[in-house]
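Dumped entry34.txt below, it's compact mmCIF, C-alpha atoms:
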```txt
# COMPACT_ATOMS: atom_id res chain seq x y z
CA MET A 1 20.30 95.37 -38.76
CA ASP A 2 17.57 97.85 -39.61
CA ALA A 3 18.15 100.16 -42.54
CA PRO A 4 18.06 103.88 -41.78
CA GLY A 5 14.47 104.97 -41.23
CA THR A 6 13.16 101.38 -41.14
CA PRO A 7 11.05 100.36 -38.13
CA PRO A 8 12.64 97.57 -36.04
CA SER A 9 11.32 94.05 -36.18
CA GLY A 10 10.27 94.33 -32.53
CA PRO A 11 9.47 97.57 -30.72
CA PHE A 12 12.58 98.83 -28.99
CA ALA A 13 14.05 95.34 -28.97
CA ALA A 14 17.71 96.40 -28.75
CA PRO A 15 19.41 98.28 -25.92
CA LEU A 16 20.50 101.84 -26.60
CA PRO A 17 24.19 102.78 -26.85
CA ARG A 18 26.13 103.37 -23.62
CA PRO A 19 28.97 105.73 -24.65
CA PHE A 20 29.06 107.63 -21.36
CA ALA A 21 27.82 105.02 -18.89
CA ALA A 22 31.25 103.97 -17.64
CA SER A 23 32.12 107.55 -16.63
CA LEU A 24 28.95 108.25 -14.66
CA PRO A 25 28.65 107.79 -10.90
CA ARG A 26 25.90 105.98 -9.06
CA PRO A 27 22.94 106.28 -9.31
CA PHE A 28 23.23 107.34 -12.93
CA ALA A 29 25.57 104.64 -14.32
CA ALA A 30 24.73 101.55 -12.30
CA SER A 31 21.01 101.43 -12.97
CA PRO A 32 19.48 99.90 -16.12
CA PRO A 33 18.13 102.16 -18.87
CA ALA A 34 15.29 104.34 -17.65
CA ARG A 35 11.94 103.17 -18.96
CA LEU A 36 8.46 104.54 -19.19
CA SER A 37 5.33 102.52 -18.58
CA GLY A 38 5.02 99.72 -21.09
CA GLY A 39 8.78 99.24 -21.37
CA LEU A 40 9.59 102.28 -23.53
CA PRO A 41 13.28 103.08 -22.94
CA VAL A 42 14.34 106.69 -22.43
CA GLY A 43 18.02 105.79 -22.68
CA ASP A 44 21.04 105.13 -20.51
CA LEU A 45 21.54 108.77 -19.64
CA PRO A 46 18.65 110.08 -17.54
CA LEU A 47 18.37 113.09 -19.84
CA VAL A 48 15.92 114.08 -22.57
CA PHE A 49 16.85 116.79 -25.06
CA GLY A 50 14.31 119.60 -24.66
CA GLY A 51 13.43 121.23 -27.96
CA ALA A 52 12.09 124.63 -26.87
CA PRO A 53 15.40 126.54 -27.19
CA ILE A 54 16.05 125.36 -30.76
CA GLY A 55 12.58 126.68 -31.57
CA GLY A 56 13.84 130.19 -30.82
CA LEU A 57 12.77 130.55 -27.20
CA TYR A 58 13.87 134.03 -26.03
CA GLN A 59 16.16 134.53 -29.03
CA PRO A 60 16.44 133.33 -32.63
CA VAL A 61 18.53 130.24 -33.34
CA SER A 62 19.88 129.36 -36.76
CA ASP A 63 19.35 125.99 -38.44
CA GLU A 64 23.09 125.36 -38.16
CA ALA A 65 23.22 126.16 -34.45
CA ALA A 66 20.20 123.96 -33.77
CA SER A 67 21.78 121.08 -35.67
CA GLN A 68 25.01 121.47 -33.71
CA ALA A 69 23.13 121.35 -30.39
CA LEU A 70 21.27 118.22 -31.46
CA ALA A 71 24.51 116.62 -32.67
CA ALA A 72 26.16 117.33 -29.32
CA ALA A 73 23.25 115.64 -27.56
CA TRP A 74 23.51 112.61 -29.83
CA ASP A 75 27.28 112.40 -29.38
CA ALA A 76 26.80 112.55 -25.60
CA GLY A 77 24.55 109.51 -25.73
CA ILE A 78 21.18 111.25 -25.42
CA ARG A 79 18.59 109.34 -27.43
CA ALA A 80 15.31 110.87 -26.24
CA PHE A 81 14.05 114.12 -27.75
CA ASP A 82 11.10 116.22 -26.63
CA THR A 83 9.42 118.84 -28.80
CA ALA A 84 6.01 120.41 -29.50
CA PRO A 85 4.19 122.42 -32.17
CA HIS A 86 4.25 125.31 -29.69
CA TYR A 87 8.05 125.47 -29.74
CA GLY A 88 8.76 128.00 -32.45
CA ALA A 89 5.45 127.37 -34.24
CA GLY A 90 6.68 124.04 -35.58
CA LEU A 91 10.31 125.13 -36.01
CA SER A 92 11.60 122.84 -33.26
CA GLU A 93 9.79 119.83 -34.72
CA ARG A 94 11.10 120.53 -38.21
CA ARG A 95 14.68 120.90 -37.02
CA MET A 96 14.43 117.76 -34.92
CA GLY A 97 13.01 115.83 -37.86
CA ASP A 98 15.77 117.05 -40.17
CA PHE A 99 18.42 115.98 -37.68
CA LEU A 100 16.99 112.53 -36.98
CA ALA A 101 16.27 111.73 -40.63
CA GLY A 102 18.36 108.77 -41.75
CA ARG A 103 19.13 107.54 -38.25
CA ARG A 104 17.84 104.10 -37.37
CA ARG A 105 14.39 104.50 -35.89
CA ARG A 106 15.02 101.99 -33.13
CA GLU A 107 17.87 104.12 -31.76
CA PHE A 108 15.86 107.11 -30.55
CA ILE A 109 12.53 108.11 -29.12
CA VAL A 110 10.58 111.29 -29.82
CA SER A 111 7.99 113.00 -27.67
CA THR A 112 5.69 115.66 -29.03
CA LYS A 113 2.48 117.29 -27.87
CA VAL A 114 -1.10 118.07 -28.86
CA GLY A 115 -3.43 120.92 -28.01
CA ARG A 116 -2.19 123.68 -30.31
CA LEU A 117 -2.87 123.80 -34.04
CA LEU A 118 -0.73 125.97 -36.30
CA VAL A 119 -2.45 128.14 -38.89
CA PRO A 120 -1.22 130.95 -41.19
CA ALA A 121 -0.75 134.20 -39.31
CA ARG A 122 -2.34 137.45 -40.38
CA ASP A 123 0.03 139.68 -38.44
CA ASP A 124 3.70 139.73 -37.48
CA VAL A 125 4.22 136.87 -35.04
CA ASP A 126 7.95 137.21 -34.38
CA GLY A 127 8.39 137.13 -30.64
CA ALA A 128 4.92 135.73 -30.00
CA GLU A 129 4.92 133.77 -26.74
CA GLU A 130 8.69 134.51 -26.45
CA PHE A 131 9.70 132.61 -29.61
CA TYR A 132 11.78 134.42 -32.24
CA GLY A 133 12.77 133.67 -35.82
CA THR A 134 9.73 131.46 -36.32
CA PRO A 135 7.58 130.66 -39.36
CA PRO A 136 4.57 132.97 -40.01
CA LEU A 137 2.15 130.73 -38.13
CA THR A 138 -0.09 131.32 -35.16
CA ARG A 139 -1.26 128.91 -32.49
CA ILE A 140 -4.90 127.93 -32.00
CA ARG A 141 -5.84 125.96 -28.90
CA ASP A 142 -7.79 122.81 -29.77
CA TYR A 143 -8.15 119.81 -27.47
CA SER A 144 -10.97 118.19 -29.43
CA ARG A 145 -10.62 114.73 -30.92
CA ASP A 146 -10.31 116.17 -34.43
CA GLY A 147 -7.83 118.75 -33.20
CA VAL A 148 -5.67 116.10 -31.57
CA LEU A 149 -5.65 113.93 -34.70
CA ARG A 150 -4.85 116.89 -36.95
CA SER A 151 -2.13 118.14 -34.60
CA LEU A 152 -0.40 114.79 -34.48
CA GLU A 153 -0.69 114.32 -38.24
CA ASP A 154 0.92 117.74 -38.82
CA SER A 155 3.65 116.95 -36.29
CA LEU A 156 4.51 113.69 -38.05
CA VAL A 157 5.00 115.60 -41.30
CA ARG A 158 7.33 118.12 -39.65
CA LEU A 159 9.19 115.36 -37.79
CA ARG A 160 9.45 113.20 -40.93
CA LEU A 161 8.24 110.18 -38.97
CA ASP A 162 5.41 107.68 -39.29
CA ARG A 163 4.85 107.50 -35.53
CA VAL A 164 5.92 109.16 -32.30
CA ASP A 165 6.88 107.36 -29.14
CA ILE A 166 5.23 109.73 -26.65
CA ALA A 167 2.28 112.06 -27.21
CA LEU A 168 1.43 114.54 -24.46
CA ILE A 169 -1.58 116.79 -23.92
CA HIS A 170 0.10 120.19 -23.73
CA ASP A 171 -0.85 122.90 -21.22
CA PRO A 172 -4.60 122.22 -20.95
CA ASP A 173 -4.87 124.36 -17.78
CA ASP A 174 -7.94 126.23 -19.06
CA PHE A 175 -9.28 123.25 -21.01
CA MET A 176 -9.25 120.43 -18.46
CA GLY A 177 -12.72 119.19 -19.40
CA ALA A 178 -11.78 118.89 -23.07
CA ALA A 179 -8.47 117.28 -22.16
CA LEU A 180 -10.27 114.60 -20.15
CA ASP A 181 -13.29 114.02 -22.41
CA GLU A 182 -11.76 114.46 -25.88
CA ALA A 183 -7.97 114.70 -26.04
CA TYR A 184 -7.27 111.77 -23.71
CA PRO A 185 -9.67 109.30 -25.40
CA ALA A 186 -8.20 110.24 -28.79
CA LEU A 187 -4.66 109.57 -27.59
CA ALA A 188 -5.73 106.34 -25.88
CA GLU A 189 -7.17 105.15 -29.18
CA LEU A 190 -3.95 106.03 -31.00
CA ARG A 191 -1.99 104.13 -28.37
CA ALA A 192 -4.19 101.08 -28.87
CA GLN A 193 -3.57 101.33 -32.62
CA GLY A 194 0.20 101.57 -32.15
CA VAL A 195 0.45 105.05 -33.66
CA VAL A 196 1.97 106.21 -30.37
CA THR A 197 3.61 104.05 -27.71
CA ALA A 198 3.01 106.11 -24.58
CA ILE A 199 0.61 108.95 -23.75
CA GLY A 200 0.42 111.54 -21.04
CA ALA A 201 0.30 115.25 -20.33
CA GLY A 202 2.86 118.03 -20.09
CA MET A 203 2.16 121.02 -17.85
CA ASN A 204 3.64 123.44 -15.35
CA SER A 205 0.86 122.72 -12.85
CA ALA A 206 1.52 119.71 -10.63
CA ALA A 207 -2.03 119.86 -9.27
CA SER A 208 -3.58 119.73 -12.75
CA LEU A 209 -1.36 116.82 -13.74
CA ALA A 210 -2.41 114.96 -10.60
CA TRP A 211 -6.05 115.58 -11.52
CA LEU A 212 -5.47 113.93 -14.90
CA VAL A 213 -3.44 111.04 -13.47
CA GLU A 214 -6.32 110.26 -11.11
CA ARG A 215 -8.81 110.08 -13.99
CA CYS A 216 -6.85 108.72 -16.96
CA ASP A 217 -4.71 105.72 -17.82
CA LEU A 218 -1.53 107.67 -18.51
CA ASP A 219 1.93 106.26 -19.11
CA CYS A 220 3.84 109.39 -18.19
CA VAL A 221 3.69 113.04 -17.28
CA LEU A 222 6.06 115.89 -18.03
CA VAL A 223 6.02 118.38 -15.17
CA ALA A 224 7.93 121.61 -15.75
CA GLY A 225 9.54 123.60 -12.98
CA ARG A 226 7.69 121.99 -10.08
CA TYR A 227 10.45 119.82 -8.70
CA THR A 228 13.49 122.03 -8.36
CA LEU A 229 15.64 123.55 -5.66
CA LEU A 230 13.27 126.53 -5.72
CA ASP A 231 9.92 124.73 -6.04
CA ASP A 232 9.37 121.14 -4.98
CA SER A 233 5.57 121.25 -4.99
CA ALA A 234 5.29 118.17 -7.25
CA ALA A 235 6.64 116.03 -4.41
CA SER A 236 3.65 116.55 -2.14
CA HIS A 237 0.92 114.82 -4.19
CA LEU A 238 1.82 114.29 -7.85
CA PHE A 239 4.94 112.18 -7.31
CA PRO A 240 3.45 109.81 -4.70
CA LEU A 241 0.41 109.41 -6.95
CA CYS A 242 2.58 108.59 -9.96
CA LEU A 243 4.57 106.06 -7.95
CA ARG A 244 1.38 104.34 -6.82
CA ARG A 245 -0.11 104.22 -10.31
CA GLY A 246 3.08 103.35 -12.18
CA VAL A 247 3.17 106.61 -14.13
CA ALA A 248 6.63 107.73 -15.22
CA VAL A 249 7.70 111.31 -14.57
CA LEU A 250 9.75 113.40 -16.96
CA ALA A 251 10.92 116.49 -15.09
CA GLY A 252 11.36 119.62 -17.16
CA GLY A 253 12.38 123.11 -16.17
CA VAL A 254 15.00 121.81 -13.75
CA PHE A 255 16.75 125.19 -13.88
CA ASN A 256 13.46 127.15 -13.53
CA SER A 257 13.98 128.98 -16.84
CA GLY A 258 17.67 129.63 -16.16
CA ILE A 259 18.00 131.03 -12.65
CA LEU A 260 19.34 127.73 -11.30
CA ALA A 261 21.88 127.56 -14.12
CA ASP A 262 23.11 131.12 -13.62
CA ALA A 263 21.74 133.08 -10.68
CA ALA A 264 22.91 136.42 -12.05
CA ASP A 265 20.91 139.61 -11.69
CA GLY A 266 18.22 139.67 -14.37
CA ALA A 267 17.91 135.88 -14.44
CA ARG A 268 14.60 134.37 -15.50
CA TYR A 269 12.36 132.32 -13.24
CA ASP A 270 9.33 130.53 -14.69
CA TYR A 271 9.69 132.31 -18.06
CA ALA A 272 9.85 135.85 -16.59
CA PRO A 273 12.40 138.03 -14.79
CA ALA A 274 12.91 136.61 -11.31
CA PRO A 275 11.28 138.52 -8.44
CA PRO A 276 13.79 139.89 -5.89
CA ALA A 277 12.84 137.33 -3.22
CA VAL A 278 13.37 134.41 -5.62
CA LEU A 279 16.66 135.85 -6.85
CA ALA A 280 17.82 136.17 -3.24
CA ARG A 281 16.98 132.50 -2.59
CA ALA A 282 18.91 131.51 -5.71
CA HIS A 283 21.90 133.53 -4.52
CA ARG A 284 21.84 131.70 -1.19
CA LEU A 285 21.73 128.35 -3.00
CA ARG A 286 24.58 129.42 -5.28
CA ASP A 287 26.69 130.54 -2.33
CA ALA A 288 26.03 127.30 -0.43
CA CYS A 289 27.10 125.25 -3.46
CA ALA A 290 30.21 127.38 -3.89
CA ARG A 291 31.34 126.54 -0.36
CA TYR A 292 31.55 122.90 -1.46
CA GLY A 293 32.99 123.62 -4.91
CA VAL A 294 29.81 122.49 -6.66
CA PRO A 295 28.20 124.45 -9.51
CA LEU A 296 24.63 125.44 -8.71
CA ALA A 297 23.46 123.95 -12.02
CA ALA A 298 24.94 120.54 -11.11
CA ALA A 299 23.11 120.52 -7.80
CA ALA A 300 19.89 121.62 -9.50
CA LEU A 301 20.05 118.82 -12.09
CA GLN A 302 21.01 116.09 -9.67
CA PHE A 303 18.41 117.22 -7.13
CA THR A 304 15.64 116.58 -9.63
CA LEU A 305 17.01 113.18 -10.59
CA ARG A 306 17.35 112.00 -6.99
CA HIS A 307 13.61 111.55 -6.54
CA PRO A 308 12.48 107.95 -7.13
CA ALA A 309 9.46 109.10 -9.15
CA VAL A 310 11.62 110.86 -11.76
CA THR A 311 12.59 108.79 -14.80
CA ALA A 312 14.57 111.50 -16.59
CA ALA A 313 15.17 115.23 -16.70
CA VAL A 314 14.29 117.24 -19.80
CA VAL A 315 17.10 119.73 -20.45
CA GLY A 316 16.77 122.34 -23.14
CA ALA A 317 19.82 123.59 -25.01
CA ARG A 318 20.63 125.86 -27.91
CA THR A 319 24.41 125.26 -27.98
CA PRO A 320 26.68 122.20 -27.82
CA GLU A 321 28.39 123.67 -24.78
CA GLU A 322 25.15 123.59 -22.79
CA ILE A 323 24.66 119.89 -23.52
CA VAL A 324 28.27 118.99 -22.69
CA THR A 325 27.96 120.88 -19.42
CA ASP A 326 24.70 119.18 -18.47
CA VAL A 327 26.16 115.73 -19.10
CA ALA A 328 29.28 116.62 -17.11
CA HIS A 329 27.10 117.68 -14.17
CA LEU A 330 25.92 114.07 -13.86
CA SER A 331 29.45 112.90 -13.03
CA LEU A 332 30.01 115.31 -10.14
CA THR A 333 29.91 113.90 -6.64
CA ILE A 334 27.85 116.17 -4.40
CA PRO A 335 28.61 115.92 -0.67
CA SER A 336 25.81 114.78 1.57
CA ALA A 337 26.46 117.81 3.74
CA LEU A 338 25.49 120.07 0.86
CA TRP A 339 22.29 118.14 0.25
CA ALA A 340 21.44 118.46 3.93
CA GLU A 341 21.92 122.21 3.64
CA ILE A 342 20.00 122.97 0.46
CA ALA A 343 17.54 120.16 -0.24
CA PRO A 344 14.50 118.94 1.68
CA PRO A 345 14.57 115.23 2.56
CA ILE A 346 12.95 112.89 0.04
```
Turn this file's structure into structure tokens for me.
Amino acid sequence: MDAPGTPPSGPFAAPLPRPFAASLPRPFAASPPARLSGGLPVGDLPLVFGGAPIGGLYQPVSDEAASQALAAAWDAGIRAFDTAPHYGAGLSERRMGDFLAGRRRREFIVSTKVGRLLVPARDDVDGAEEFYGTPPLTRIRDYSRDGVLRSLEDSLVRLRLDRVDIALIHDPDDFMGAALDEAYPALAELRAQGVVTAIGAGMNSAASLAWLVERCDLDCVLVAGRYTLLDDSAASHLFPLCLRRGVAVLAGGVFNSGILADAADGARYDYAPAPPAVLARAHRLRDACARYGVPLAAAALQFTLRHPAVTAAVVGARTPEEIVTDVAHLSLTIPSALWAEIAPPI
């Protein structure tokens, strides 16, 4: 057995625990562990813990609350964790590193991102980019080779790790040339050296991700909010492209910033208050689900996971209850009649 914190003798040689597998319905229990390109396992649950909320997204979160959310994810069998320097100006990475410290390295995978460097702030940054209770640091966009190397080095310090499993180019929408010519070659070199196992990009734009997939040798992409009950635009080009090229898809934003978890008035959609037309669509989806006794959030999560291109869903949480609920949603049987009513055919 590996000692806590000791790298395994072979990369990801042992299967991950299966504490919830017996209670999950098809397709979530019967299939083998989800894997990224190159054989990197995501785990037996098709869920990745999303680290933005524990970085203080929309409201401050205490260290204790963040640790409790992470513990609930671990207890539920989640072994994949996604974070980024952007999430709370390093706060999410630090909290994730503190939680994972001492656990056997072979038992979990960590994804982080490059493209933003953190530097001391000159002004009050609380609430900057919707993150609260964060360190006094500001974000500087940098997709250069040196920026990528420095970003990853800083992330490893905060995560208390000597390597990460997945490194993603983060939100390069306005820096696509630098992402292609500098950030990607730097990550490819790190992959060749074994510093990272898989590389890719994480964005909200399905079209921009497709552009990168067409030009780079990526293992995976993280697409946020573009394959949901309210926006399935990733299915038109990005997903078929990924299937053809063997690129794994991690689907984030499955609740579109919350509106598909709770379609109440004032709900957020894509990080902002939902426009009236979107809120009305969410209400119709909620009402349709209610007729079948299915929570809207359960339909939203399972809808994303039904697509054959999707390896796992990234679900953010700031409380244990949110994690427990998300895992429970996997075990609900959703009638085919409801799918026919609310979801486009795959």
Pro345 (chain A) environment, 12 Å, all atoms listed in the file, sequence neighbours closer than 3 positions dropped, as an MDAnalysis selection string | chainID A and resid 229 232 235:236 303 306:307 336 339:342
Write out as a tab-separated table a residue-level contact list of region 184-298 of chain A versus region 88-110 of chain A with cut-off 12 Å: for each qualifying residue the closest pair of atoms and the distance in Å to one decimal, counting all atoms listed in the file, rows sorted by chain and residue number upward.
```
residue	atom	partner	partner_atom	distance
A:Val196	CA	A:Val110	CA	10.0
A:Thr197	CA	A:Ile109	CA	9.9
A:Ala198	CA	A:Val110	CA	10.6
A:Ile199	CA	A:Val110	CA	11.9
```
At what distance in Å, to one decimal, does CA of Val61 (chain A) lie from CA of Ala313 (chain A)?
-> 22.7 Å
Residue among A:Pro276, A:Val247, A:His86, A:Ala183 lying closest to Leu218 (chain A), counting only C-alpha atoms =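 Distance minimum relative to Leu218 (chain A) lands on A:Val247.
CA of Gly252 (chain A) is positioned 4.2 Å from CA of Ala224 (chain A).
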So which residues are close to (12.3, 112.8, -10.8), meaning at most 10 Å away in the file's coordinates with only C-alpha atoms counted, and can you show them as a PyMOL selection string?
-> chain A and resi 46+223+227-228+234-235+239+248-252+254+301-313
Tell me which protein, DNA and RNA residues are within 12 Å of Leu117 (chain A), counting all atoms listed in the file, leaving out same-chain ones fewer than 5 positions away, and put them as a PyMOL selection string.
-> chain A and resi 84-87+89-90+137-144+146-155+170
Quote the spacing between CA of Val195 (chain A) and CA of Leu161 (chain A) in Å to one decimal place.
->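 Going from CA of Val195 (chain A) over to CA of Leu161 (chain A) covers 10.7 Å.
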Would you mind telling me which residue in A:Arg145, A:His283, A:Arg291, A:His237 lies nearest to Glu182 (chain A) when using all atoms listed in the file?
->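 Nearest candidate to Glu182 (chain A) out of A:Arg145, A:His283, A:Arg291, A:His237: A:Arg145.
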Name the closest residue to Trp74 (chain A) among the candidates A:Pro240, A:Gly200, A:Val48, A:Asp219; distances are taken between atoms, counting only C-alpha atoms.
->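 Smallest separation from Trp74 (chain A) among the options: A:Val48.
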Excluding Val294 (chain A) and residues on its chain fewer than 6 positions from it, collect all residues at most 10 Å away from it, counting only C-alpha atoms, and give them as a list in words.
->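 Residues near the query, excluding close chain neighbours: Arg286, Asp287, Ala288, His329, Leu332, Thr333, Ile334, Pro335 and Leu338 of chain A.
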